[in-house]
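Q: Below is the file my_file26.cif, which contains mmCIF, C-alpha atoms.
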data_input
loop_
_atom_site.group_PDB
_atom_site.id
_atom_site.type_symbol
_atom_site.label_atom_id
_atom_site.label_comp_id
_atom_site.auth_asym_id
_atom_site.auth_seq_id
_atom_site.Cartn_x
_atom_site.Cartn_y
_atom_site.Cartn_z
ATOM 1 C CA MET V 1 44.630 199.230 181.245
ATOM 2 C CA SER V 2 43.131 199.063 177.775
ATOM 3 C CA ILE V 3 41.356 196.753 175.390
ATOM 4 C CA ILE V 4 42.817 196.774 171.898
ATOM 5 C CA PHE V 5 40.690 195.890 168.930
ATOM 6 C CA ARG V 6 42.560 193.734 166.402
ATOM 7 C CA LEU V 7 39.982 193.952 163.633
ATOM 8 C CA ASP V 8 42.494 195.276 161.098
ATOM 9 C CA ARG V 9 44.738 192.212 161.654
ATOM 10 C CA VAL V 10 41.884 189.722 161.242
ATOM 11 C CA MET V 11 40.567 191.581 158.175
ATOM 12 C CA ALA V 12 44.031 191.428 156.574
ATOM 13 C CA ASP V 13 44.267 187.678 157.336
ATOM 14 C CA ARG V 14 40.869 187.044 155.758
ATOM 15 C CA LYS V 15 41.631 189.461 152.922
ATOM 16 C CA ILE V 16 38.364 191.358 153.260
ATOM 17 C CA GLN V 17 37.843 195.079 152.662
ATOM 18 C CA LEU V 18 36.215 197.458 155.140
ATOM 19 C CA ASN V 19 33.247 198.390 152.970
ATOM 20 C CA GLU V 20 32.515 194.754 152.118
ATOM 21 C CA LEU V 21 32.592 193.699 155.776
ATOM 22 C CA ALA V 22 30.418 196.691 156.728
ATOM 23 C CA LYS V 23 27.841 195.657 154.138
ATOM 24 C CA ARG V 24 27.830 192.048 155.393
ATOM 25 C CA ILE V 25 27.301 192.936 159.046
ATOM 26 C CA GLN V 26 24.935 195.822 158.212
ATOM 27 C CA LEU V 27 27.022 198.601 159.663
ATOM 28 C CA THR V 28 28.063 201.885 158.085
ATOM 29 C CA ASP V 29 31.642 202.311 156.854
ATOM 30 C CA SER V 30 32.166 205.101 159.371
ATOM 31 C CA ASN V 31 31.057 202.986 162.336
ATOM 32 C CA LEU V 32 33.248 200.080 161.311
ATOM 33 C CA SER V 33 36.123 202.473 160.811
ATOM 34 C CA ILE V 34 35.589 203.735 164.392
ATOM 35 C CA LEU V 35 35.920 200.120 165.561
ATOM 36 C CA LYS V 36 38.967 199.503 163.435
ATOM 37 C CA THR V 37 40.817 202.613 164.614
ATOM 38 C CA GLY V 38 40.074 201.890 168.255
ATOM 39 C CA LYS V 39 37.967 204.986 168.911
ATOM 40 C CA ALA V 40 34.902 203.027 169.965
ATOM 41 C CA LYS V 41 33.925 203.199 173.634
ATOM 42 C CA ALA V 42 31.750 200.074 173.601
ATOM 43 C CA ILE V 43 30.676 197.266 171.317
ATOM 44 C CA ARG V 44 27.328 195.529 171.282
ATOM 45 C CA ILE V 45 27.194 191.757 171.652
ATOM 46 C CA ALA V 46 25.169 191.618 168.424
ATOM 47 C CA THR V 47 27.967 193.453 166.549
ATOM 48 C CA LEU V 48 30.630 191.147 168.020
ATOM 49 C CA HIS V 49 28.502 188.149 167.048
ATOM 50 C CA ALA V 50 28.168 189.433 163.454
ATOM 51 C CA LEU V 51 31.925 190.121 163.179
ATOM 52 C CA CYS V 52 32.864 186.668 164.452
ATOM 53 C CA ARG V 53 30.365 185.095 162.062
ATOM 54 C CA GLU V 54 31.621 186.921 158.970
ATOM 55 C CA LEU V 55 35.323 186.701 159.837
ATOM 56 C CA ASN V 56 35.039 183.135 161.108
ATOM 57 C CA CYS V 57 36.949 183.852 164.285
ATOM 58 C CA GLN V 58 36.623 183.948 168.075
ATOM 59 C CA PRO V 59 36.033 187.099 170.133
ATOM 60 C CA GLY V 60 39.498 186.609 171.600
ATOM 61 C CA ASP V 61 40.968 186.990 168.114
ATOM 62 C CA LEU V 62 39.407 190.433 167.838
ATOM 63 C CA LEU V 63 39.938 191.710 171.400
ATOM 64 C CA GLU V 64 43.203 191.921 173.280
ATOM 65 C CA TYR V 65 43.795 193.093 176.831
ATOM 66 C CA LYS V 66 46.879 195.172 177.523
ATOM 67 C CA ALA V 67 47.818 196.349 181.024
ATOM 68 C CA ASP V 68 49.660 199.690 181.368
ATOM 69 C CA GLY V 69 53.347 199.333 180.454
ATOM 70 C CA GLU V 70 53.025 195.948 178.744
ATOM 71 C CA SER V 71 53.723 195.462 175.047
ATOM 72 C CA PRO V 72 51.288 193.242 173.143
ATOM 73 C CA PRO V 73 52.508 189.748 172.202
ATOM 74 C CA GLU V 74 53.317 189.258 168.443
ATOM 75 C CA MET L 1 4.424 219.146 169.215
ATOM 76 C CA LYS L 2 7.885 219.133 167.709
ATOM 77 C CA TYR L 3 10.476 220.974 169.780
ATOM 78 C CA PHE L 4 13.730 220.476 167.833
ATOM 79 C CA GLY L 5 14.555 220.475 164.140
ATOM 80 C CA LYS L 6 13.028 222.243 161.154
ATOM 81 C CA ARG L 7 9.403 223.452 161.452
ATOM 82 C CA SER L 8 9.396 223.155 165.219
ATOM 83 C CA LEU L 9 9.054 225.428 168.210
ATOM 84 C CA SER L 10 12.821 226.005 168.077
ATOM 85 C CA SER L 11 12.634 227.298 164.504
ATOM 86 C CA VAL L 12 9.849 229.725 165.525
ATOM 87 C CA MET L 13 11.916 230.901 168.492
ATOM 88 C CA SER L 14 14.967 231.219 166.259
ATOM 89 C CA THR L 15 13.030 233.491 163.887
ATOM 90 C CA VAL L 16 11.638 235.547 166.766
ATOM 91 C CA LEU L 17 15.091 235.970 168.275
ATOM 92 C CA ASN L 18 16.593 236.965 164.918
ATOM 93 C CA VAL L 19 13.984 239.737 164.610
ATOM 94 C CA SER L 20 14.531 240.746 168.259
ATOM 95 C CA TRP L 21 18.260 240.946 167.654
ATOM 96 C CA TYR L 22 17.893 243.533 164.899
ATOM 97 C CA LEU L 23 15.248 245.458 166.834
ATOM 98 C CA SER L 24 17.538 245.502 169.880
ATOM 99 C CA ILE L 25 20.387 246.914 167.805
ATOM 100 C CA VAL L 26 18.101 249.704 166.597
ATOM 101 C CA ALA L 27 16.918 250.298 170.179
ATOM 102 C CA CYS L 28 20.529 250.435 171.395
ATOM 103 C CA ILE L 29 21.322 253.079 168.817
ATOM 104 C CA LEU L 30 18.213 255.137 169.623
ATOM 105 C CA ALA L 31 18.225 254.698 173.418
ATOM 106 C CA PRO L 32 21.036 257.164 174.229
ATOM 107 C CA PHE L 33 19.399 259.896 172.109
ATOM 108 C CA PHE L 34 15.996 259.251 173.622
ATOM 109 C CA SER L 35 17.407 259.197 177.154
ATOM 110 C CA THR L 36 19.302 262.416 176.545
ATOM 111 C CA PHE L 37 16.093 264.004 175.261
ATOM 112 C CA ILE L 38 14.143 262.889 178.354
ATOM 113 C CA ILE L 39 16.858 264.174 180.684
ATOM 114 C CA PHE L 40 17.006 267.474 178.805
ATOM 115 C CA TYR L 41 13.197 267.763 178.813
ATOM 116 C CA SER L 42 13.035 267.133 182.552
ATOM 117 C CA THR L 43 15.297 270.081 183.368
ATOM 118 C CA PRO L 44 13.656 273.513 183.831
ATOM 119 C CA THR L 45 15.505 274.856 180.762
ATOM 120 C CA GLY L 46 14.476 271.952 178.610
ATOM 121 C CA GLU L 47 10.897 271.983 179.786
ATOM 122 C CA SER L 48 10.360 275.660 179.144
ATOM 123 C CA PHE L 49 11.981 275.241 175.738
ATOM 124 C CA MET L 50 9.648 272.378 174.863
ATOM 125 C CA MET L 51 6.594 274.193 176.212
ATOM 126 C CA SER L 52 7.348 277.306 174.208
ATOM 127 C CA ALA L 53 8.016 275.199 171.118
ATOM 128 C CA ALA L 54 4.693 273.400 171.611
ATOM 129 C CA LYS L 55 2.915 276.712 172.185
ATOM 130 C CA GLU L 56 4.329 278.187 168.989
ATOM 131 C CA TYR L 57 3.402 275.045 167.090
ATOM 132 C CA ARG L 58 -0.188 275.299 168.343
ATOM 133 C CA GLN L 59 -0.330 279.026 167.621
ATOM 134 C CA ASP L 60 0.653 278.288 164.059
ATOM 135 C CA ARG L 61 -1.951 275.538 163.752
ATOM 136 C CA SER L 62 -4.974 277.134 165.453
ATOM 137 C CA GLN L 63 -6.583 280.529 166.113
ATOM 138 C CA ASP L 64 -7.017 279.901 169.817
ATOM 139 C CA PRO L 65 -3.595 279.729 171.546
ATOM 140 C CA MET L 66 -3.386 277.524 174.645
ATOM 141 C CA THR L 67 -1.803 278.580 177.903
ATOM 142 C CA ASP L 68 1.171 276.774 179.419
ATOM 143 C CA ILE L 69 -1.024 275.050 182.007
ATOM 144 C CA GLN L 70 -3.435 273.844 179.351
ATOM 145 C CA ILE L 71 -0.580 272.442 177.257
ATOM 146 C CA GLU L 72 0.904 270.601 180.244
ATOM 147 C CA LYS L 73 -2.509 269.229 181.217
ATOM 148 C CA LYS L 74 -3.088 267.971 177.695
ATOM 149 C CA MET L 75 0.332 266.325 177.555
ATOM 150 C CA CYS L 76 -0.206 264.629 180.927
ATOM 151 C CA HIS L 77 -3.795 263.769 180.136
ATOM 152 C CA ASP L 78 -3.275 260.044 179.701
ATOM 153 C CA GLN L 79 -0.795 259.608 182.541
ATOM 154 C CA SER L 80 -1.862 257.947 185.759
ATOM 155 C CA ASP L 81 -1.322 259.565 189.149
ATOM 156 C CA THR L 82 1.613 257.275 189.909
ATOM 157 C CA ASP L 83 3.282 258.191 186.613
ATOM 158 C CA LYS L 84 2.755 261.897 187.329
ATOM 159 C CA LYS L 85 4.309 261.539 190.790
ATOM 160 C CA ASP L 86 7.247 259.595 189.351
ATOM 161 C CA TRP L 87 7.735 262.219 186.660
ATOM 162 C CA ILE L 88 7.616 265.086 189.195
ATOM 163 C CA MET L 89 10.100 263.235 191.439
ATOM 164 C CA PHE L 90 12.369 262.583 188.455
ATOM 165 C CA LYS L 91 12.261 266.270 187.476
ATOM 166 C CA LYS L 92 13.342 267.260 190.982
ATOM 167 C CA LEU L 93 16.496 265.084 190.831
ATOM 168 C CA PRO L 94 19.750 266.969 190.300
ATOM 169 C CA LEU L 95 21.277 266.812 186.823
ATOM 170 C CA PRO L 96 24.346 264.676 187.732
ATOM 171 C CA VAL L 97 22.024 262.013 189.156
ATOM 172 C CA LYS L 98 19.925 262.130 185.997
ATOM 173 C CA LEU L 99 23.050 261.756 183.899
ATOM 174 C CA MET L 100 23.902 258.545 185.793
ATOM 175 C CA ILE L 101 20.803 256.988 184.250
ATOM 176 C CA LEU L 102 22.487 256.979 180.821
ATOM 177 C CA PRO L 103 25.191 254.415 181.698
ATOM 178 C CA TYR L 104 22.561 252.366 183.556
ATOM 179 C CA ILE L 105 20.382 252.200 180.447
ATOM 180 C CA CYS L 106 23.450 251.442 178.286
ATOM 181 C CA GLY L 107 24.397 248.606 180.633
ATOM 182 C CA ILE L 108 20.911 247.121 180.446
ATOM 183 C CA MET L 109 20.871 247.374 176.640
ATOM 184 C CA ILE L 110 24.300 245.741 176.316
ATOM 185 C CA LEU L 111 23.273 242.889 178.645
ATOM 186 C CA LEU L 112 20.076 242.411 176.653
ATOM 187 C CA LEU L 113 22.060 242.326 173.421
ATOM 188 C CA PHE L 114 24.365 239.622 174.755
ATOM 189 C CA ILE L 115 21.409 237.618 176.117
ATOM 190 C CA ILE L 116 19.605 237.759 172.790
ATOM 191 C CA LYS L 117 22.813 236.840 170.914
ATOM 192 C CA GLN L 118 23.432 233.752 173.057
ATOM 193 C CA SER L 119 19.772 232.733 172.790
ATOM 194 C CA ARG L 120 19.931 233.120 169.000
ATOM 195 C CA LEU L 121 22.908 230.795 168.749
ATOM 196 C CA LEU L 122 21.290 228.282 171.104
ATOM 197 C CA PHE L 123 18.005 228.111 169.223
ATOM 198 C CA ALA L 124 19.853 227.967 165.894
ATOM 199 C CA ASN L 125 21.510 224.788 167.204
ATOM 200 C CA PHE L 126 18.163 223.414 168.372
ATOM 201 C CA LYS L 127 16.696 224.193 164.964
ATOM 202 C CA ASN L 128 19.469 222.089 163.372
ATOM 203 C CA ASP L 129 18.713 219.225 165.804
ATOM 204 C CA ILE L 130 21.930 219.776 167.740
ATOM 205 C CA VAL L 131 20.844 219.370 171.359
ATOM 206 C CA PHE L 132 23.392 217.451 173.429
ATOM 207 C CA ASN L 133 26.554 219.227 172.422
ATOM 208 C CA LEU L 134 29.425 220.939 174.255
ATOM 209 C CA SER L 135 28.733 224.200 172.405
ATOM 210 C CA ASN L 136 25.168 224.207 173.794
ATOM 211 C CA VAL L 137 26.517 223.590 177.287
ATOM 212 C CA LYS L 138 28.770 226.648 176.959
ATOM 213 C CA LEU L 139 25.942 228.770 175.503
ATOM 214 C CA ILE L 140 23.523 227.884 178.312
ATOM 215 C CA SER L 141 26.235 228.500 180.904
ATOM 216 C CA HIS L 142 26.982 231.969 179.466
ATOM 217 C CA LEU L 143 23.259 232.702 179.193
ATOM 218 C CA SER L 144 22.643 231.861 182.837
ATOM 219 C CA LYS L 145 25.552 234.066 183.972
ATOM 220 C CA LEU L 146 24.251 236.947 181.842
ATOM 221 C CA LEU L 147 20.768 236.491 183.294
ATOM 222 C CA ILE L 148 22.172 236.551 186.829
ATOM 223 C CA ALA L 149 23.901 239.850 186.011
ATOM 224 C CA PHE L 150 20.690 241.163 184.411
ATOM 225 C CA SER L 151 18.587 240.188 187.426
ATOM 226 C CA ILE L 152 20.989 242.043 189.723
ATOM 227 C CA VAL L 153 20.925 245.158 187.518
ATOM 228 C CA VAL L 154 17.124 245.312 187.177
ATOM 229 C CA PHE L 155 16.355 243.842 190.632
ATOM 230 C CA SER L 156 14.212 241.017 189.238
ATOM 231 C CA PHE L 157 13.790 237.882 191.356
ATOM 232 C CA SER L 158 12.005 235.962 188.609
ATOM 233 C CA THR L 159 14.941 236.468 186.257
ATOM 234 C CA LEU L 160 17.258 235.181 188.990
ATOM 235 C CA LEU L 161 15.117 232.041 189.344
ATOM 236 C CA VAL L 162 15.191 231.494 185.584
ATOM 237 C CA SER L 163 18.985 231.840 185.572
ATOM 238 C CA ILE L 164 19.311 229.251 188.371
ATOM 239 C CA VAL L 165 17.063 226.858 186.444
ATOM 240 C CA LEU L 166 19.286 227.419 183.370
ATOM 241 C CA LEU L 167 22.384 226.558 185.431
ATOM 242 C CA LEU L 168 20.771 223.265 186.422
ATOM 243 C CA LEU L 169 19.769 222.635 182.814
ATOM 244 C CA CYS L 170 23.387 223.251 181.807
ATOM 245 C CA GLU L 171 24.532 220.435 184.111
ATOM 246 C CA ILE L 172 21.834 218.109 182.776
ATOM 247 C CA ILE L 173 22.837 218.777 179.175
ATOM 248 C CA LYS L 174 26.502 218.253 180.089
ATOM 249 C CA ASP L 175 25.670 214.783 181.421
ATOM 250 C CA GLY L 176 23.484 214.163 178.404
ATOM 251 C CA THR L 177 26.349 215.103 176.085
ATOM 252 C CA VAL L 178 28.622 212.546 177.754
ATOM 253 C CA LEU L 179 25.939 209.850 177.482
ATOM 254 C CA LYS L 180 25.261 210.716 173.838
ATOM 255 C CA GLU L 181 28.936 210.561 172.975
ATOM 256 C CA GLU L 182 29.172 207.128 174.605
ATOM 257 C CA MET L 183 26.082 205.981 172.734
ATOM 258 C CA ASP L 184 27.399 207.327 169.424
ATOM 259 C CA LEU L 185 30.674 205.487 169.964
ATOM 260 C CA THR L 186 28.925 202.241 170.849
ATOM 261 C CA ILE L 187 29.051 200.149 167.676
#
Show this structure as C-alpha cells.
A:
Amino acid sequence: MSIIFRLDRVMADRKIQLNELAKRIQLTDSNLSILKTGKAKAIRIATLHALCRELNCQPGDLLEYKADGESPPE
Amino acid sequence: MKYFGKRSLSSVMSTVLNVSWYLSIVACILAPFFSTFIIFYSTPTGESFMMSAAKEYRQDRSQDPMTDIQIEKKMCHDQSDTDKKDWIMFKKLPLPVKLMILPYICGIMILLLFIIKQSRLLFANFKNDIVFNLSNVKLISHLSKLLIAFSIVVFSFSTLLVSIVLLLLCEIIKDGTVLKEEMDLTI
C-alpha cells in the first residue's frame, strides 16, 4: 500500500517551475523536491492547503492511493 | 547553558578529549618502559643496583655518604604504611607473576585509548550540532561496550553503571533519530 504524490504532473499541467512554486508557498527548493520525488514521509495540512491554492487543484489531484500490485490509472 | 554546537559544553569536552588523546598516546608509549623499570627495581638484583647507584650519586654530591638503610628510608619517606606494605608484598611476588602485569597494563591502556577515541568522535559530532544521528548511536553503543570491558578489567562497579546508562541512552537516541528523520521528511 502506498500513497503517490502527483505534484510533478500537476506542475507540468500548470506550467510552473519548482523554484517558483517553492517561493509562492514559502518552502525551500529542497523540501519541495522531497515532495516531488516521493521521499516525504508526511505532509502538513498547511502545506497541502498552500499547494492546492497555488496550483488551483484538489487534494485528490495531488495524492493517489495505490494498493500493492495495482498499476495507477492513466 | 549551551550543551551542543560551537562555544558550548560539548566544544570544551571536545578540546579536553583531544588533549587527553595525545597525552594517552604518550602514556601508552612510556607505560611499558616505566612498568619494566618498576618490575626490574622490585627484584633483589634491580634494587641493589639502584641502591648502589643512588649511593654513588650521593657520594659524588656530598661529603657525608649515607648508608643503605638511610637511603631506603629517605626514598620511602613520603609513602604511607599501606603503600609500604603493598610495595613489600609486590617485591615478594615471583618474577613471572610480575611480568604478567605488563600485558594487564597494556590492555588497560589500549581500552582507554579506544574509549577516548570514541568519546572524541562523539563530542566532535555534538560540537557540530549533530545529535540524533545513526553515527552517534553506533559511537555510544561502542563506547558502552568498551566501558563494560574496562569495568571488568579494573573491577569498577561505577564504570559498569555508567556503561549501562550509556546503553539506555543509545536506545533513546536511536528512537530520537527515527523521530527526527520523520520530522525532517515532514513537509
Q: What does the PyMOL selection byres ((chain L and resi 18-26) around 10) select in this file, as a tab-separated table (two decimals) with C-alpha atoms, in the coordinates of the input?
A:
chain	number	residue	atom	x	y	z
L	12	VAL	CA	9.85	229.72	165.52
L	13	MET	CA	11.92	230.90	168.49
L	14	SER	CA	14.97	231.22	166.26
L	15	THR	CA	13.03	233.49	163.89
L	16	VAL	CA	11.64	235.55	166.77
L	17	LEU	CA	15.09	235.97	168.28
L	27	ALA	CA	16.92	250.30	170.18
L	28	CYS	CA	20.53	250.44	171.40
L	29	ILE	CA	21.32	253.08	168.82
L	30	LEU	CA	18.21	255.14	169.62
L	31	ALA	CA	18.23	254.70	173.42
L	109	MET	CA	20.87	247.37	176.64
L	110	ILE	CA	24.30	245.74	176.32
L	112	LEU	CA	20.08	242.41	176.65
L	113	LEU	CA	22.06	242.33	173.42
L	114	PHE	CA	24.36	239.62	174.76
L	115	ILE	CA	21.41	237.62	176.12
L	116	ILE	CA	19.60	237.76	172.79
L	117	LYS	CA	22.81	236.84	170.91
L	119	SER	CA	19.77	232.73	172.79
L	120	ARG	CA	19.93	233.12	169.00
L	121	LEU	CA	22.91	230.80	168.75
L	123	PHE	CA	18.00	228.11	169.22
L	124	ALA	CA	19.85	227.97	165.89
Q: Pick out the residues sitting within 10 Å of Leu160 (chain L), and hand them over as an MDAnalysis selection string; count all atoms listed in the file, and ignore anything fewer than 4 positions along from it in its own chain.
A: chainID L and resid 144:145 147:152 155:156 164:166
Q: Find the residue from V:Ile43, V:Ala22, V:Ile16, V:Cys52 that sits nearest to chain L; use only C-alpha atoms when measuring.
A: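 Going through V:Ile43, V:Ala22, V:Ile16, V:Cys52 one by one, the smallest distance to chain L is for V:Ile43.
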Q: Point out the residue among V:Lys23, V:Arg53, V:Lys66, V:Lys39 with the least atom-to-atom distance to chain L, counting all atoms listed in the file.
A: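 Looking at the shortest contact to chain L, the residue is V:Lys39.
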Q: Quote the spacing between CA of Leu51 (chain V) and CA of Ala12 (chain V) in Å to one decimal place.
A: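 Straight-line distance from CA of Leu51 (chain V) to CA of Ala12 (chain V) works out to 13.9 Å.
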Q: Contacts between chain V and chain L, please, where a residue of chain L counts if it comes within 9 Å (with all atoms listed in the file); show its shortest atom pair and distance in Å to one decimal, rows by chain and ascending number, as CSV.
A:
residue,atom,partner,partner_atom,distance
L:Glu181,CA,V:Lys41,CA,8.9
L:Glu182,CA,V:Lys41,CA,6.2
L:Met183,CA,V:Ala42,CA,8.2
L:Asp184,CA,V:Ala40,CA,8.7
L:Leu185,CA,V:Ala40,CA,4.9
L:Thr186,CA,V:Ala42,CA,4.5
L:Ile187,CA,V:Ile43,CA,4.9
Q: Apply the PyMOL selection byres ((chain L and resi 96-106) around 8) to the displayed file and report the matching residues as a VMD selection string.
A: chain L and resid 28 31 to 32 35 to 36 39 90 93 to 95 107 to 110
Q: Can you tell me how far CA of Lys36 (chain V) sits from CA of Ile173 (chain L), in Å to one decimal?
A: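 Going from CA of Lys36 (chain V) over to CA of Ile173 (chain L) covers 29.7 Å.
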Q: Identify which of the residues V:Ile25, V:Ile3, V:Leu63, V:Asp13 lies closest to His49 (chain V), counting all atoms listed in the file when measuring atom-to-atom distances.
A: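 Of V:Ile25, V:Ile3, V:Leu63, V:Asp13, the one nearest His49 (chain V), counting all atoms listed in the file, is V:Ile25.
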Q: With distances taken over all atoms listed in the file, which residue among L:Thr159, L:Thr177, L:Gln118, L:Asn125 lies nearest Phe4 (chain L)?
A: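 Of the candidates, the smallest distance to Phe4 (chain L) is held by L:Asn125.
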Q: Would you please work out which residue, of L:Cys170, L:Val154, L:Val162, L:Leu179, is nearest to Lys138 (chain L) when using only C-alpha atoms?
A: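 Closest candidate: L:Cys170.
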Q: What's the separation between CA of Met11 (chain V) and CA of Lys180 (chain L), in Å to one decimal place?
A: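 Distance reported for this atom pair: 29.1 Å.
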Q: When the PyMOL selection byres ((chain L and resi 132) around 8) is applied to the structure above, which residues does it catch, written out as a ChimeraX atom specification?
A: /L:130-131,133-134,136-137,173-174,176-177,180
Q: May I have the residues from that selection written out with C-alpha atoms, as a PDB file, in the coordinates of the input?
A:
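In the end it all went to again_29.pdb:
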ATOM      1  CA  ILE L 130      21.930 219.776 167.740  1.00  0.00           C
ATOM      2  CA  VAL L 131      20.844 219.370 171.359  1.00  0.00           C
ATOM      3  CA  ASN L 133      26.554 219.227 172.422  1.00  0.00           C
ATOM      4  CA  LEU L 134      29.425 220.939 174.255  1.00  0.00           C
ATOM      5  CA  ASN L 136      25.168 224.207 173.794  1.00  0.00           C
ATOM      6  CA  VAL L 137      26.517 223.590 177.287  1.00  0.00           C
ATOM      7  CA  ILE L 173      22.837 218.777 179.175  1.00  0.00           C
ATOM      8  CA  LYS L 174      26.502 218.253 180.089  1.00  0.00           C
ATOM      9  CA  GLY L 176      23.484 214.163 178.404  1.00  0.00           C
ATOM     10  CA  THR L 177      26.349 215.103 176.085  1.00  0.00           C
ATOM     11  CA  LYS L 180      25.261 210.716 173.838  1.00  0.00           C
TER      12      LYS L 180
END
